[in-house]
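One structure below.
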Amino acid sequence: MAAEEELDPRLTFYLEHKDQIEEWLKLPELERMAADQFFDSLGDPMEEHSSDLAGSPVLSRNSQGRWKSLLLCRPAWLTSDAQWPLVGIGLEWHAGRTGFEQGYIGIRVEMSIDGIEPLRSAIVDGLEALAELSGFKRTPWWPSLKYMRPSKPRYWEDLDAFSTEITEAVAEHWIATWKVADKAFLEWQADRST
């Protein structure tokens with residue numbers, strides 16, 4: 001580049017604001033840490049809310065590793081074979097890359113357990129008849145999954161309201177699906193016993 005040639009205006013803007021831009025580049029990591037803390041803080045409200053739900057769910061908290069979750073489950077769904085419940089209905093997020101808009105709710109099946117595919121299949125079959133699952137999709141580990149996007153554009157100004165949205169959405173999903181999950185679990189468990 002000859003000295004008399006002008007620099008690209010984008011480059012001159014960057015050079016003039018380099019320190020501030022580099023500081024801003026650190027903000028996504030700050031959001032991920034804040035979102036992780038926020039999602040983790042939902043455990044107590046979810047546990048309180050669960051005491052009023054049919055099926056007597058307990059809250060399984062997994063706060064170790066990259067994938068974290070708050071899952072409502074029947075006590076029978078907890079086993080010593082799995083770090084997480086075999087079936088859980090609740091919230092999951094990835095601590096290292098999840099912002100506030102990337103936590104999701106649904107039914108999770110612990111697919112790392114040998115012989116669990118029939119349980120997942122039975123849950124999927126049972127969910128087919130539920131009209132309440134509009135907007136939910138399916139993945140190998142999640143027979144129902146839906147990202148919890150904040151309903152307000154400036155949700156960060158009222159995180160308590162966003163917390164309530166998530167907690168209520170998990171409770172509603174429990175109400176709509178726990179019987180399907182429990183029936184599938186009991187049948188799967190009986191088949192494994194024979």
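Simple scheme: letters A, B, ... for chains in structure tokens order, numbers from 1 for residues in each chain, numbers from 1 for ligands in the order shown.
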
Quick one: contact table of range 93-154 of chain A to range 64-87 of chain A, 9 Å max, nearest atom pair and distance in Å to one decimal per residue, counting only C-alpha atoms, chain and number order, as JSON lines?
{"residue": "A:Trp93", "atom": "CA", "partner": "A:Lys68", "partner_atom": "CA", "distance": 5.5}
{"residue": "A:His94", "atom": "CA", "partner": "A:Trp67", "partner_atom": "CA", "distance": 4.6}
{"residue": "A:Ala95", "atom": "CA", "partner": "A:Arg66", "partner_atom": "CA", "distance": 5.2}
{"residue": "A:Gly96", "atom": "CA", "partner": "A:Arg66", "partner_atom": "CA", "distance": 6.1}
{"residue": "A:Arg97", "atom": "CA", "partner": "A:Arg66", "partner_atom": "CA", "distance": 8.8}
{"residue": "A:Ile107", "atom": "CA", "partner": "A:Val87", "partner_atom": "CA", "distance": 7.0}
{"residue": "A:Arg108", "atom": "CA", "partner": "A:Val87", "partner_atom": "CA", "distance": 5.7}
{"residue": "A:Val109", "atom": "CA", "partner": "A:Val87", "partner_atom": "CA", "distance": 4.7}
{"residue": "A:Glu110", "atom": "CA", "partner": "A:Leu86", "partner_atom": "CA", "distance": 4.9}
{"residue": "A:Met111", "atom": "CA", "partner": "A:Leu86", "partner_atom": "CA", "distance": 8.0}
{"residue": "A:Ser112", "atom": "CA", "partner": "A:Ala82", "partner_atom": "CA", "distance": 8.3}
{"residue": "A:Ile113", "atom": "CA", "partner": "A:Ala82", "partner_atom": "CA", "distance": 7.3}
{"residue": "A:Ile116", "atom": "CA", "partner": "A:Leu86", "partner_atom": "CA", "distance": 8.4}
{"residue": "A:Leu119", "atom": "CA", "partner": "A:Val87", "partner_atom": "CA", "distance": 9.0}
{"residue": "A:Arg120", "atom": "CA", "partner": "A:Val87", "partner_atom": "CA", "distance": 8.8}

Self-check item: Who sits within 10 Å of Phe162 in chain A, only C-alpha atoms, same chain under 2 positions skipped, as a PyMOL selection string
Solution: chain A and resi 38+100+148-152+155-160+164-168

Sorted per-residue table, range 105-192 of chain A near range 43-62 of chain A, closest atoms and distance, 8 Å, only C-alpha atoms, as JSON lines:
{"residue": "A:Thr167", "atom": "CA", "partner": "A:Met46", "partner_atom": "CA", "distance": 5.7}
{"residue": "A:Ala171", "atom": "CA", "partner": "A:Ser50", "partner_atom": "CA", "distance": 7.1}
{"residue": "A:Ile175", "atom": "CA", "partner": "A:Leu53", "partner_atom": "CA", "distance": 7.3}
{"residue": "A:Trp178", "atom": "CA", "partner": "A:Gly55", "partner_atom": "CA", "distance": 7.5}

Please produce an output containing N, CA and C atoms for each residue in the selection, written as a PDB file, in the first residue's frame.
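So out-v1.pdb came out as:
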ATOM      1  N   THR A 167     -39.888 -20.921  34.881  1.00  0.00           N
ATOM      2  CA  THR A 167     -40.399 -21.802  35.929  1.00  0.00           C
ATOM      3  C   THR A 167     -41.815 -22.267  35.605  1.00  0.00           C
ATOM      4  N   ALA A 171     -43.218 -26.077  34.662  1.00  0.00           N
ATOM      5  CA  ALA A 171     -44.361 -26.651  35.381  1.00  0.00           C
ATOM      6  C   ALA A 171     -45.465 -27.067  34.398  1.00  0.00           C
ATOM      7  N   ILE A 175     -46.944 -30.821  33.773  1.00  0.00           N
ATOM      8  CA  ILE A 175     -48.368 -31.142  33.837  1.00  0.00           C
ATOM      9  C   ILE A 175     -48.820 -31.850  32.558  1.00  0.00           C
ATOM     10  N   TRP A 178     -45.938 -35.506  32.191  1.00  0.00           N
ATOM     11  CA  TRP A 178     -45.362 -36.444  33.157  1.00  0.00           C
ATOM     12  C   TRP A 178     -46.031 -37.815  33.129  1.00  0.00           C
TER      13      TRP A 178
END

Quiz item: Using only C-alpha atoms, which residues sit within 8 Å of Val170 in chain A once same-chain residues fewer than 2 positions away are excluded, as JSON, numbers by chain?
Solution: {"A": [89, 90, 91, 105, 106, 166, 167, 168, 172, 173, 174]}

Practice problem: Enter the distance from CA of Lys179 in chain A to CA of Arg138 in chain A, in Å, rounded to one decimal. | Solution: 18.4 Å

Quiz item: Could you name the residues that touch Lys137 in chain A at 12 Å or less, counting only C-alpha atoms, but leaving out those on the same chain fewer than 5 positions away, as a ChimeraX atom specification?
Solution: /A:104-107,124,127-128,142-147

Output file for the selection above: C-alpha atoms, as a PDB file, in the first residue's frame:
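Below you can see selection.pdb, which holds the result:
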ATOM      1  CA  TYR A 104     -34.284 -24.941  26.700  1.00  0.00           C
ATOM      2  CA  ILE A 105     -37.013 -26.944  28.371  1.00  0.00           C
ATOM      3  CA  GLY A 106     -38.558 -30.297  27.632  1.00  0.00           C
ATOM      4  CA  ILE A 107     -38.234 -33.987  28.429  1.00  0.00           C
ATOM      5  CA  VAL A 124     -42.032 -40.158  21.706  1.00  0.00           C
ATOM      6  CA  LEU A 127     -46.166 -37.435  23.065  1.00  0.00           C
ATOM      7  CA  GLU A 128     -47.550 -37.723  19.525  1.00  0.00           C
ATOM      8  CA  TRP A 142     -34.815 -34.749  24.126  1.00  0.00           C
ATOM      9  CA  PRO A 143     -38.134 -36.285  22.973  1.00  0.00           C
ATOM     10  CA  SER A 144     -39.495 -32.761  23.411  1.00  0.00           C
ATOM     11  CA  LEU A 145     -37.385 -29.617  23.412  1.00  0.00           C
ATOM     12  CA  LYS A 146     -38.142 -25.923  23.144  1.00  0.00           C
ATOM     13  CA  TYR A 147     -35.840 -22.934  23.561  1.00  0.00           C
TER      14      TYR A 147
END

Quiz prompt | range 53-176 of chain A: residues DSSP assigns to strand (DSSP E or B), reported as a PyMOL selection string | solution = chain A and resi 58-62+67-73+87-94+104-109+137+144-147

Generate a file of the selected residues that holds N, CA and C atoms, formatted as a PDB file, in the first residue's frame.
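Listed below is the output, part-v3.pdb:
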ATOM      1  N   VAL A  58     -39.521 -34.565  42.234  1.00  0.00           N
ATOM      2  CA  VAL A  58     -38.382 -34.025  42.962  1.00  0.00           C
ATOM      3  C   VAL A  58     -37.495 -33.338  41.932  1.00  0.00           C
ATOM      4  N   LEU A  59     -36.642 -32.450  42.403  1.00  0.00           N
ATOM      5  CA  LEU A  59     -35.766 -31.716  41.485  1.00  0.00           C
ATOM      6  C   LEU A  59     -34.384 -32.340  41.494  1.00  0.00           C
ATOM      7  N   SER A  60     -33.914 -32.694  40.319  1.00  0.00           N
ATOM      8  CA  SER A  60     -32.548 -33.176  40.138  1.00  0.00           C
ATOM      9  C   SER A  60     -31.733 -32.010  39.592  1.00  0.00           C
ATOM     10  N   ARG A  61     -30.679 -31.644  40.313  1.00  0.00           N
ATOM     11  CA  ARG A  61     -29.819 -30.527  39.893  1.00  0.00           C
ATOM     12  C   ARG A  61     -28.490 -31.086  39.415  1.00  0.00           C
ATOM     13  N   ASN A  62     -28.141 -30.781  38.193  1.00  0.00           N
ATOM     14  CA  ASN A  62     -26.838 -31.173  37.678  1.00  0.00           C
ATOM     15  C   ASN A  62     -26.087 -29.896  37.353  1.00  0.00           C
ATOM     16  N   TRP A  67     -22.692 -29.274  30.450  1.00  0.00           N
ATOM     17  CA  TRP A  67     -24.148 -29.329  30.359  1.00  0.00           C
ATOM     18  C   TRP A  67     -24.716 -29.322  31.761  1.00  0.00           C
ATOM     19  N   LYS A  68     -25.586 -28.382  32.020  1.00  0.00           N
ATOM     20  CA  LYS A  68     -26.198 -28.254  33.340  1.00  0.00           C
ATOM     21  C   LYS A  68     -27.710 -28.359  33.187  1.00  0.00           C
ATOM     22  N   SER A  69     -28.353 -28.822  34.253  1.00  0.00           N
ATOM     23  CA  SER A  69     -29.802 -28.995  34.143  1.00  0.00           C
ATOM     24  C   SER A  69     -30.476 -28.871  35.494  1.00  0.00           C
ATOM     25  N   LEU A  70     -31.742 -28.558  35.418  1.00  0.00           N
ATOM     26  CA  LEU A  70     -32.673 -28.588  36.537  1.00  0.00           C
ATOM     27  C   LEU A  70     -33.862 -29.390  36.029  1.00  0.00           C
ATOM     28  N   LEU A  71     -33.974 -30.634  36.498  1.00  0.00           N
ATOM     29  CA  LEU A  71     -34.964 -31.545  35.943  1.00  0.00           C
ATOM     30  C   LEU A  71     -35.897 -32.071  37.023  1.00  0.00           C
ATOM     31  N   LEU A  72     -37.189 -31.921  36.786  1.00  0.00           N
ATOM     32  CA  LEU A  72     -38.183 -32.540  37.654  1.00  0.00           C
ATOM     33  C   LEU A  72     -38.301 -34.004  37.254  1.00  0.00           C
ATOM     34  N   CYS A  73     -38.395 -34.863  38.262  1.00  0.00           N
ATOM     35  CA  CYS A  73     -38.528 -36.276  37.959  1.00  0.00           C
ATOM     36  C   CYS A  73     -39.244 -36.989  39.099  1.00  0.00           C
ATOM     37  N   VAL A  87     -35.121 -40.142  33.199  1.00  0.00           N
ATOM     38  CA  VAL A  87     -36.067 -39.253  32.523  1.00  0.00           C
ATOM     39  C   VAL A  87     -36.209 -38.021  33.409  1.00  0.00           C
ATOM     40  N   GLY A  88     -36.212 -36.858  32.802  1.00  0.00           N
ATOM     41  CA  GLY A  88     -36.430 -35.630  33.550  1.00  0.00           C
ATOM     42  C   GLY A  88     -37.156 -34.617  32.685  1.00  0.00           C
ATOM     43  N   ILE A  89     -37.939 -33.786  33.334  1.00  0.00           N
ATOM     44  CA  ILE A  89     -38.684 -32.741  32.629  1.00  0.00           C
ATOM     45  C   ILE A  89     -38.239 -31.420  33.230  1.00  0.00           C
ATOM     46  N   GLY A  90     -37.612 -30.597  32.410  1.00  0.00           N
ATOM     47  CA  GLY A  90     -37.110 -29.351  32.974  1.00  0.00           C
ATOM     48  C   GLY A  90     -36.278 -28.541  32.015  1.00  0.00           C
ATOM     49  N   LEU A  91     -35.214 -27.967  32.558  1.00  0.00           N
ATOM     50  CA  LEU A  91     -34.388 -26.968  31.880  1.00  0.00           C
ATOM     51  C   LEU A  91     -32.966 -27.475  31.746  1.00  0.00           C
ATOM     52  N   GLU A  92     -32.352 -27.209  30.593  1.00  0.00           N
ATOM     53  CA  GLU A  92     -30.936 -27.514  30.400  1.00  0.00           C
ATOM     54  C   GLU A  92     -30.280 -26.363  29.658  1.00  0.00           C
ATOM     55  N   TRP A  93     -28.980 -26.181  29.917  1.00  0.00           N
ATOM     56  CA  TRP A  93     -28.195 -25.167  29.227  1.00  0.00           C
ATOM     57  C   TRP A  93     -26.745 -25.613  29.180  1.00  0.00           C
ATOM     58  N   HIS A  94     -25.989 -25.038  28.272  1.00  0.00           N
ATOM     59  CA  HIS A  94     -24.563 -25.314  28.138  1.00  0.00           C
ATOM     60  C   HIS A  94     -23.824 -24.155  28.787  1.00  0.00           C
ATOM     61  N   TYR A 104     -33.121 -24.287  27.280  1.00  0.00           N
ATOM     62  CA  TYR A 104     -34.284 -24.941  26.700  1.00  0.00           C
ATOM     63  C   TYR A 104     -34.939 -25.869  27.711  1.00  0.00           C
ATOM     64  N   ILE A 105     -36.228 -26.081  27.493  1.00  0.00           N
ATOM     65  CA  ILE A 105     -37.013 -26.944  28.371  1.00  0.00           C
ATOM     66  C   ILE A 105     -37.525 -28.131  27.570  1.00  0.00           C
ATOM     67  N   GLY A 106     -37.971 -29.141  28.287  1.00  0.00           N
ATOM     68  CA  GLY A 106     -38.558 -30.297  27.632  1.00  0.00           C
ATOM     69  C   GLY A 106     -38.383 -31.538  28.471  1.00  0.00           C
ATOM     70  N   ILE A 107     -38.466 -32.691  27.794  1.00  0.00           N
ATOM     71  CA  ILE A 107     -38.234 -33.987  28.429  1.00  0.00           C
ATOM     72  C   ILE A 107     -36.878 -34.490  27.969  1.00  0.00           C
ATOM     73  N   ARG A 108     -36.048 -34.833  28.934  1.00  0.00           N
ATOM     74  CA  ARG A 108     -34.710 -35.351  28.637  1.00  0.00           C
ATOM     75  C   ARG A 108     -34.648 -36.820  29.035  1.00  0.00           C
ATOM     76  N   VAL A 109     -34.038 -37.635  28.170  1.00  0.00           N
ATOM     77  CA  VAL A 109     -33.813 -39.049  28.458  1.00  0.00           C
ATOM     78  C   VAL A 109     -32.307 -39.273  28.483  1.00  0.00           C
ATOM     79  N   LYS A 137     -39.586 -29.400  19.494  1.00  0.00           N
ATOM     80  CA  LYS A 137     -38.954 -30.259  18.505  1.00  0.00           C
ATOM     81  C   LYS A 137     -38.358 -31.453  19.230  1.00  0.00           C
ATOM     82  N   SER A 144     -38.861 -34.059  23.640  1.00  0.00           N
ATOM     83  CA  SER A 144     -39.495 -32.761  23.411  1.00  0.00           C
ATOM     84  C   SER A 144     -38.513 -31.698  23.894  1.00  0.00           C
ATOM     85  N   LEU A 145     -38.351 -30.669  23.097  1.00  0.00           N
ATOM     86  CA  LEU A 145     -37.385 -29.617  23.412  1.00  0.00           C
ATOM     87  C   LEU A 145     -37.875 -28.301  22.824  1.00  0.00           C
ATOM     88  N   LYS A 146     -37.736 -27.245  23.618  1.00  0.00           N
ATOM     89  CA  LYS A 146     -38.142 -25.923  23.144  1.00  0.00           C
ATOM     90  C   LYS A 146     -37.244 -24.881  23.815  1.00  0.00           C
ATOM     91  N   TYR A 147     -36.643 -24.016  23.002  1.00  0.00           N
ATOM     92  CA  TYR A 147     -35.840 -22.934  23.561  1.00  0.00           C
ATOM     93  C   TYR A 147     -36.748 -21.932  24.254  1.00  0.00           C
TER      94      TYR A 147
END

Quiz item: At what distance in Å, to one decimal, does CA of Trp24 in chain A lie from CA of Thr12 in chain A?
Solution: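 Separation of CA of Thr12 in chain A and CA of Trp24 in chain A: 17.5 Å.
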
Practice problem: Enumerate the residues of range 27-138 of chain A with a DSSP assignment of helix (DSSP H, G or I), computed from the backbone, and present them as a PyMOL selection string. | Solution: chain A and resi 27-41+43-50+75-77+117-127+131-133

Practice problem: Using only C-alpha atoms, find the one residue out of A:Gly126, A:Pro153, A:Pro9, A:Gly135 that sits nearest to Val180 in chain A. | Solution: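 Of the candidates, the smallest distance to Val180 in chain A is held by A:Gly126.
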